[in-house]
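One file, my_file19.txt, is given below (compact mmCIF, N, CA and C atoms).
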# COMPACT_ATOMS: atom_id res chain seq x y z
N GLN A 1 -67.89 -6.63 -80.53
CA GLN A 1 -67.59 -6.88 -79.14
C GLN A 1 -66.97 -8.26 -78.96
N VAL A 2 -66.14 -8.36 -77.96
CA VAL A 2 -65.49 -9.63 -77.60
C VAL A 2 -65.72 -9.88 -76.11
N GLN A 3 -66.09 -11.09 -75.79
CA GLN A 3 -66.29 -11.47 -74.39
C GLN A 3 -65.20 -12.48 -74.00
N LEU A 4 -64.65 -12.28 -72.80
CA LEU A 4 -63.57 -13.14 -72.31
C LEU A 4 -63.95 -13.70 -70.95
N VAL A 5 -63.78 -15.00 -70.79
CA VAL A 5 -64.10 -15.65 -69.52
C VAL A 5 -62.91 -16.48 -69.07
N GLU A 6 -62.36 -16.10 -67.90
CA GLU A 6 -61.20 -16.82 -67.37
C GLU A 6 -61.64 -17.91 -66.39
N SER A 7 -60.77 -18.87 -66.21
CA SER A 7 -60.96 -19.91 -65.20
C SER A 7 -59.59 -20.50 -64.85
N GLY A 8 -59.57 -21.25 -63.75
CA GLY A 8 -58.35 -21.96 -63.40
C GLY A 8 -57.58 -21.42 -62.22
N GLY A 9 -58.02 -20.29 -61.68
CA GLY A 9 -57.33 -19.74 -60.53
C GLY A 9 -57.56 -20.59 -59.28
N GLY A 10 -56.84 -20.25 -58.21
CA GLY A 10 -57.01 -20.99 -56.98
C GLY A 10 -55.90 -20.72 -56.00
N LEU A 11 -55.87 -21.54 -54.95
CA LEU A 11 -54.86 -21.45 -53.89
C LEU A 11 -53.93 -22.65 -53.99
N VAL A 12 -52.65 -22.36 -54.16
CA VAL A 12 -51.65 -23.43 -54.22
C VAL A 12 -50.47 -23.05 -53.35
N ARG A 13 -49.59 -24.03 -53.12
CA ARG A 13 -48.40 -23.79 -52.33
C ARG A 13 -47.23 -23.39 -53.22
N PRO A 14 -46.25 -22.72 -52.64
CA PRO A 14 -45.05 -22.36 -53.44
C PRO A 14 -44.45 -23.60 -54.11
N GLY A 15 -44.05 -23.41 -55.36
CA GLY A 15 -43.48 -24.50 -56.13
C GLY A 15 -44.47 -25.30 -56.94
N GLU A 16 -45.75 -25.14 -56.65
CA GLU A 16 -46.77 -25.87 -57.39
C GLU A 16 -47.15 -25.14 -58.69
N SER A 17 -48.08 -25.74 -59.41
CA SER A 17 -48.45 -25.23 -60.73
C SER A 17 -49.95 -24.97 -60.82
N LEU A 18 -50.31 -24.09 -61.75
CA LEU A 18 -51.69 -23.83 -62.12
C LEU A 18 -51.74 -23.55 -63.61
N ARG A 19 -52.90 -23.84 -64.22
CA ARG A 19 -53.10 -23.45 -65.60
C ARG A 19 -54.37 -22.62 -65.69
N LEU A 20 -54.22 -21.42 -66.20
CA LEU A 20 -55.36 -20.53 -66.43
C LEU A 20 -55.84 -20.70 -67.86
N SER A 21 -57.16 -20.57 -68.02
CA SER A 21 -57.77 -20.63 -69.34
C SER A 21 -58.60 -19.38 -69.58
N CYS A 22 -58.66 -18.96 -70.82
CA CYS A 22 -59.48 -17.81 -71.20
C CYS A 22 -60.20 -18.15 -72.50
N VAL A 23 -61.51 -18.25 -72.41
CA VAL A 23 -62.32 -18.56 -73.59
C VAL A 23 -62.90 -17.26 -74.13
N ALA A 24 -62.70 -17.05 -75.43
CA ALA A 24 -63.18 -15.84 -76.08
C ALA A 24 -64.38 -16.14 -76.96
N SER A 25 -65.27 -15.15 -77.06
CA SER A 25 -66.43 -15.26 -77.96
C SER A 25 -66.73 -13.88 -78.52
N GLY A 26 -67.49 -13.86 -79.63
CA GLY A 26 -67.85 -12.59 -80.25
C GLY A 26 -67.09 -12.35 -81.55
N ARG A 27 -66.70 -11.10 -81.79
CA ARG A 27 -66.06 -10.71 -83.06
C ARG A 27 -64.57 -11.05 -83.03
N LEU A 28 -64.29 -12.32 -83.04
CA LEU A 28 -62.92 -12.77 -82.86
C LEU A 28 -62.04 -12.54 -84.07
N PHE A 29 -62.62 -12.32 -85.25
CA PHE A 29 -61.81 -12.14 -86.44
C PHE A 29 -61.01 -10.85 -86.40
N THR A 30 -61.35 -9.96 -85.45
CA THR A 30 -60.63 -8.69 -85.34
C THR A 30 -59.45 -8.77 -84.36
N ILE A 31 -59.31 -9.87 -83.64
CA ILE A 31 -58.28 -10.00 -82.61
C ILE A 31 -56.94 -10.32 -83.24
N TYR A 32 -55.86 -9.65 -82.77
CA TYR A 32 -54.54 -9.98 -83.29
C TYR A 32 -53.50 -10.25 -82.20
N THR A 33 -53.81 -9.88 -80.95
CA THR A 33 -52.89 -10.18 -79.84
C THR A 33 -53.72 -10.56 -78.62
N MET A 34 -53.22 -11.55 -77.89
CA MET A 34 -53.91 -12.04 -76.70
C MET A 34 -52.89 -12.19 -75.58
N GLY A 35 -53.38 -12.15 -74.36
CA GLY A 35 -52.42 -12.32 -73.28
C GLY A 35 -53.03 -12.28 -71.91
N TRP A 36 -52.12 -12.12 -70.93
CA TRP A 36 -52.52 -12.08 -69.53
C TRP A 36 -51.82 -10.93 -68.82
N TYR A 37 -52.59 -10.25 -68.00
CA TYR A 37 -52.07 -9.26 -67.07
C TYR A 37 -52.38 -9.77 -65.66
N ARG A 38 -51.74 -9.15 -64.68
CA ARG A 38 -52.08 -9.43 -63.29
C ARG A 38 -51.98 -8.17 -62.46
N GLN A 39 -52.72 -8.18 -61.35
CA GLN A 39 -52.69 -7.05 -60.44
C GLN A 39 -52.71 -7.55 -59.02
N ALA A 40 -51.65 -7.24 -58.30
CA ALA A 40 -51.55 -7.60 -56.89
C ALA A 40 -52.09 -6.45 -56.04
N PRO A 41 -52.50 -6.72 -54.82
CA PRO A 41 -53.03 -5.66 -53.96
C PRO A 41 -52.03 -4.52 -53.79
N GLY A 42 -52.50 -3.30 -54.02
CA GLY A 42 -51.65 -2.13 -53.85
C GLY A 42 -50.67 -1.88 -54.96
N LYS A 43 -50.74 -2.68 -56.02
CA LYS A 43 -49.81 -2.52 -57.14
C LYS A 43 -50.56 -2.26 -58.43
N GLU A 44 -49.84 -1.73 -59.41
CA GLU A 44 -50.44 -1.49 -60.71
C GLU A 44 -50.57 -2.80 -61.49
N ARG A 45 -51.51 -2.80 -62.42
CA ARG A 45 -51.67 -3.96 -63.28
C ARG A 45 -50.44 -4.08 -64.17
N GLU A 46 -49.91 -5.29 -64.29
CA GLU A 46 -48.72 -5.49 -65.11
C GLU A 46 -48.96 -6.61 -66.12
N ARG A 47 -48.32 -6.46 -67.28
CA ARG A 47 -48.42 -7.49 -68.31
C ARG A 47 -47.57 -8.68 -67.93
N VAL A 48 -48.13 -9.87 -68.05
CA VAL A 48 -47.44 -11.10 -67.71
C VAL A 48 -46.91 -11.80 -68.96
N ALA A 49 -47.78 -11.97 -69.94
CA ALA A 49 -47.40 -12.69 -71.15
C ALA A 49 -48.36 -12.34 -72.26
N GLN A 50 -47.88 -12.45 -73.51
CA GLN A 50 -48.75 -12.22 -74.65
C GLN A 50 -48.35 -13.13 -75.79
N ILE A 51 -49.31 -13.34 -76.69
CA ILE A 51 -49.08 -14.17 -77.86
C ILE A 51 -49.84 -13.55 -79.03
N THR A 52 -49.20 -13.53 -80.19
CA THR A 52 -49.84 -12.97 -81.38
C THR A 52 -50.50 -14.07 -82.20
N LEU A 53 -51.26 -13.66 -83.21
CA LEU A 53 -51.87 -14.64 -84.10
C LEU A 53 -50.81 -15.52 -84.75
N GLY A 54 -49.65 -14.95 -85.00
CA GLY A 54 -48.57 -15.70 -85.61
C GLY A 54 -47.83 -16.62 -84.65
N GLY A 55 -48.17 -16.53 -83.36
CA GLY A 55 -47.56 -17.41 -82.38
C GLY A 55 -46.37 -16.82 -81.66
N THR A 56 -46.04 -15.57 -81.94
CA THR A 56 -44.92 -14.93 -81.25
C THR A 56 -45.32 -14.65 -79.81
N THR A 57 -44.45 -15.03 -78.88
CA THR A 57 -44.74 -14.85 -77.46
C THR A 57 -43.76 -13.87 -76.83
N ASP A 58 -44.21 -13.29 -75.73
CA ASP A 58 -43.36 -12.39 -74.97
C ASP A 58 -43.78 -12.49 -73.52
N TYR A 59 -42.79 -12.38 -72.62
CA TYR A 59 -43.06 -12.56 -71.20
C TYR A 59 -42.42 -11.45 -70.37
N ALA A 60 -43.01 -11.19 -69.22
CA ALA A 60 -42.37 -10.33 -68.24
C ALA A 60 -41.14 -11.06 -67.71
N ASP A 61 -40.11 -10.30 -67.38
CA ASP A 61 -38.87 -10.91 -66.89
C ASP A 61 -39.12 -11.77 -65.65
N SER A 62 -40.06 -11.35 -64.83
CA SER A 62 -40.31 -12.04 -63.57
C SER A 62 -40.90 -13.44 -63.74
N VAL A 63 -41.42 -13.75 -64.94
CA VAL A 63 -42.05 -15.06 -65.13
C VAL A 63 -41.36 -15.90 -66.19
N LYS A 64 -40.35 -15.35 -66.85
CA LYS A 64 -39.66 -16.09 -67.90
C LYS A 64 -39.07 -17.39 -67.34
N GLY A 65 -39.28 -18.46 -68.08
CA GLY A 65 -38.78 -19.76 -67.66
C GLY A 65 -39.73 -20.50 -66.73
N ARG A 66 -40.76 -19.83 -66.23
CA ARG A 66 -41.74 -20.47 -65.33
C ARG A 66 -43.13 -20.53 -65.94
N PHE A 67 -43.51 -19.51 -66.69
CA PHE A 67 -44.84 -19.41 -67.27
C PHE A 67 -44.75 -19.64 -68.78
N THR A 68 -45.80 -20.26 -69.32
CA THR A 68 -45.88 -20.48 -70.75
C THR A 68 -47.28 -20.11 -71.23
N ILE A 69 -47.34 -19.25 -72.24
CA ILE A 69 -48.62 -18.88 -72.83
C ILE A 69 -48.80 -19.67 -74.12
N SER A 70 -50.03 -20.11 -74.37
CA SER A 70 -50.33 -20.84 -75.60
C SER A 70 -51.78 -20.58 -75.97
N ARG A 71 -52.15 -21.00 -77.16
CA ARG A 71 -53.54 -20.82 -77.58
C ARG A 71 -54.00 -21.98 -78.42
N ASP A 72 -55.29 -22.23 -78.36
CA ASP A 72 -55.93 -23.25 -79.18
C ASP A 72 -56.97 -22.52 -80.02
N SER A 73 -56.66 -22.30 -81.28
CA SER A 73 -57.55 -21.53 -82.14
C SER A 73 -58.89 -22.20 -82.32
N ALA A 74 -58.90 -23.51 -82.38
CA ALA A 74 -60.15 -24.25 -82.59
C ALA A 74 -61.11 -24.05 -81.44
N LYS A 75 -60.55 -23.83 -80.23
CA LYS A 75 -61.38 -23.65 -79.04
C LYS A 75 -61.49 -22.20 -78.63
N ASN A 76 -60.87 -21.29 -79.40
CA ASN A 76 -60.87 -19.86 -79.05
C ASN A 76 -60.40 -19.64 -77.62
N THR A 77 -59.37 -20.36 -77.25
CA THR A 77 -58.91 -20.36 -75.86
C THR A 77 -57.42 -20.05 -75.79
N VAL A 78 -57.08 -19.21 -74.82
CA VAL A 78 -55.69 -18.90 -74.51
C VAL A 78 -55.40 -19.46 -73.12
N TYR A 79 -54.22 -20.05 -72.98
CA TYR A 79 -53.83 -20.67 -71.72
C TYR A 79 -52.60 -19.98 -71.14
N LEU A 80 -52.49 -20.05 -69.82
CA LEU A 80 -51.27 -19.62 -69.15
C LEU A 80 -50.88 -20.73 -68.18
N GLN A 81 -49.85 -21.48 -68.55
CA GLN A 81 -49.34 -22.52 -67.68
C GLN A 81 -48.31 -21.88 -66.75
N MET A 82 -48.58 -21.99 -65.45
CA MET A 82 -47.72 -21.35 -64.45
C MET A 82 -47.08 -22.43 -63.58
N ASN A 83 -45.78 -22.53 -63.68
CA ASN A 83 -45.03 -23.53 -62.90
C ASN A 83 -44.14 -22.85 -61.87
N ASN A 84 -43.75 -23.63 -60.88
CA ASN A 84 -42.85 -23.12 -59.83
C ASN A 84 -43.36 -21.79 -59.28
N LEU A 85 -44.61 -21.78 -58.90
CA LEU A 85 -45.23 -20.54 -58.43
C LEU A 85 -44.61 -20.04 -57.13
N ARG A 86 -44.57 -18.73 -57.01
CA ARG A 86 -43.97 -18.07 -55.85
C ARG A 86 -45.03 -17.21 -55.16
N PRO A 87 -44.84 -16.89 -53.89
CA PRO A 87 -45.80 -16.01 -53.22
C PRO A 87 -46.00 -14.69 -53.94
N GLU A 88 -44.95 -14.18 -54.56
CA GLU A 88 -45.06 -12.89 -55.27
C GLU A 88 -45.87 -12.99 -56.56
N ASP A 89 -46.25 -14.18 -56.96
CA ASP A 89 -47.14 -14.34 -58.11
C ASP A 89 -48.61 -14.17 -57.71
N THR A 90 -48.88 -14.03 -56.43
CA THR A 90 -50.24 -13.83 -55.96
C THR A 90 -50.83 -12.55 -56.53
N ALA A 91 -51.97 -12.69 -57.20
CA ALA A 91 -52.61 -11.54 -57.86
C ALA A 91 -53.92 -11.99 -58.47
N VAL A 92 -54.68 -11.02 -58.93
CA VAL A 92 -55.81 -11.32 -59.81
C VAL A 92 -55.27 -11.29 -61.24
N TYR A 93 -55.51 -12.37 -61.97
CA TYR A 93 -55.02 -12.49 -63.33
C TYR A 93 -56.16 -12.20 -64.31
N TYR A 94 -55.87 -11.34 -65.27
CA TYR A 94 -56.86 -10.89 -66.25
C TYR A 94 -56.46 -11.32 -67.65
N CYS A 95 -57.41 -11.89 -68.35
CA CYS A 95 -57.21 -12.19 -69.77
C CYS A 95 -57.40 -10.90 -70.56
N TRP A 96 -56.66 -10.76 -71.63
CA TRP A 96 -56.60 -9.50 -72.39
C TRP A 96 -56.49 -9.82 -73.85
N HIS A 97 -57.33 -9.16 -74.66
CA HIS A 97 -57.27 -9.33 -76.11
C HIS A 97 -57.27 -7.94 -76.74
N VAL A 98 -56.52 -7.81 -77.82
CA VAL A 98 -56.48 -6.55 -78.55
C VAL A 98 -56.98 -6.80 -79.96
N ALA A 99 -57.91 -5.92 -80.39
CA ALA A 99 -58.48 -6.04 -81.73
C ALA A 99 -58.07 -4.84 -82.57
N TYR A 100 -58.15 -5.01 -83.87
CA TYR A 100 -57.87 -3.89 -84.78
C TYR A 100 -58.83 -2.76 -84.45
N GLY A 101 -58.30 -1.54 -84.45
CA GLY A 101 -59.12 -0.37 -84.13
C GLY A 101 -58.26 0.75 -83.57
N PRO A 102 -57.48 0.59 -82.48
CA PRO A 102 -57.49 -0.66 -81.71
C PRO A 102 -58.54 -0.65 -80.61
N GLU A 103 -58.95 -1.82 -80.23
CA GLU A 103 -59.86 -1.98 -79.11
C GLU A 103 -59.29 -3.03 -78.17
N THR A 104 -59.45 -2.78 -76.89
CA THR A 104 -58.92 -3.69 -75.88
C THR A 104 -60.06 -4.29 -75.07
N TYR A 105 -59.97 -5.59 -74.83
CA TYR A 105 -61.01 -6.29 -74.07
C TYR A 105 -60.37 -6.99 -72.88
N TRP A 106 -61.11 -7.04 -71.79
CA TRP A 106 -60.63 -7.65 -70.56
C TRP A 106 -61.64 -8.68 -70.04
N GLY A 107 -61.11 -9.72 -69.41
CA GLY A 107 -61.97 -10.63 -68.69
C GLY A 107 -62.25 -10.10 -67.30
N GLN A 108 -63.01 -10.87 -66.53
CA GLN A 108 -63.41 -10.42 -65.21
C GLN A 108 -62.34 -10.67 -64.16
N GLY A 109 -61.35 -11.49 -64.48
CA GLY A 109 -60.26 -11.76 -63.56
C GLY A 109 -60.47 -13.05 -62.79
N THR A 110 -59.36 -13.69 -62.46
CA THR A 110 -59.40 -14.89 -61.63
C THR A 110 -58.27 -14.80 -60.60
N GLN A 111 -58.60 -15.11 -59.35
CA GLN A 111 -57.66 -14.96 -58.25
C GLN A 111 -56.69 -16.13 -58.22
N VAL A 112 -55.41 -15.79 -58.12
CA VAL A 112 -54.35 -16.79 -57.93
C VAL A 112 -53.64 -16.44 -56.63
N THR A 113 -53.61 -17.38 -55.71
CA THR A 113 -52.98 -17.16 -54.42
C THR A 113 -51.97 -18.27 -54.16
N ILE A 114 -50.75 -17.86 -53.83
CA ILE A 114 -49.69 -18.81 -53.51
C ILE A 114 -49.28 -18.61 -52.07
N SER A 115 -49.53 -19.62 -51.28
CA SER A 115 -49.26 -19.51 -49.84
C SER A 115 -49.01 -20.89 -49.26
N SER A 116 -48.09 -20.95 -48.31
CA SER A 116 -47.83 -22.21 -47.61
C SER A 116 -48.73 -22.35 -46.38
Will you turn the file into structure tokens for me?
Amino acid sequence: QVQLVESGGGLVRPGESLRLSCVASGRLFTIYTMGWYRQAPGKERERVAQITLGGTTDYADSVKGRFTISRDSAKNTVYLQMNNLRPEDTAVYYCWHVAYGPETYWGQGTQVTISS
């Protein structure tokens, strides 16, 4: 089992920045891909960004150039740096890890709201 705990959400104005963190614990040696999804009210959950053990990253077109995913292996933590936030980025953001099996793990989610 893998446990994921997110933090860093909040209310900011358009154009501002936030950094989300996701701390993982448990059977981490089985994890090979990590990332972030988000779900806005009335919409399906969508993938925002992902990073592999090798450091390869991938982003949704809507966040390319604004969001950066990174990880600190020593701290078992994945980050999502979000810059130039827009109202349409408002959503609950979920940390996501995939383990060999495959097995998928989710965090509890953290609310990000962008409003003037």
Counting only C-alpha atoms, the option among A:Val78, A:Tyr105, A:Ala91, A:Gln111 closest to Arg45 of chain A: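 Distance minimum relative to Arg45 of chain A lands on A:Ala91.
Residues of protein, DNA or RNA having at least one counted atom within 6 Å of (-49.2, -11.4, -73.3), given only C-alpha atoms, are Met34, Gly35, Trp36, Val48, Ala49, Gln50 and Ile51 of chain A.
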Measuring atom to atom with only C-alpha atoms, identify which of A:Leu53, A:Ala40, A:Leu11, A:Val112 is nearest to Ala99 of chain A.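 Closest residue, counting only C-alpha atoms: A:Leu53.
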Quick one: 4 Å padding each side, axis-aligned, all listed atoms of segment 102-108 of chain A - centre and edge lengths in Å to one decimal, as JSON?
{"center_x": -60.4, "center_y": -5.1, "center_z": -73.3, "size_x": 13.9, "size_y": 19.5, "size_z": 26.3}
Separation of atom CA of Lys43 of chain A from atom CA of Thr77 of chain A in Å: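 We find that atom CA of Thr77 of chain A and atom CA of Lys43 of chain A lie 27.4 Å from each other.
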List the neighbours of Pro14 of chain A out to 8 Å using all atoms listed in the file; skip same-chain residues closer than 2 positions along the sequence, and give me the result as a list of chain:residue names.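 The neighbour list is A:Leu11, A:Val12, A:Glu16, A:Ser17, A:Asn83, A:Asn84, A:Leu85, A:Arg86, A:Pro87, A:Thr113, A:Ile114, A:Ser115, A:Ser116.
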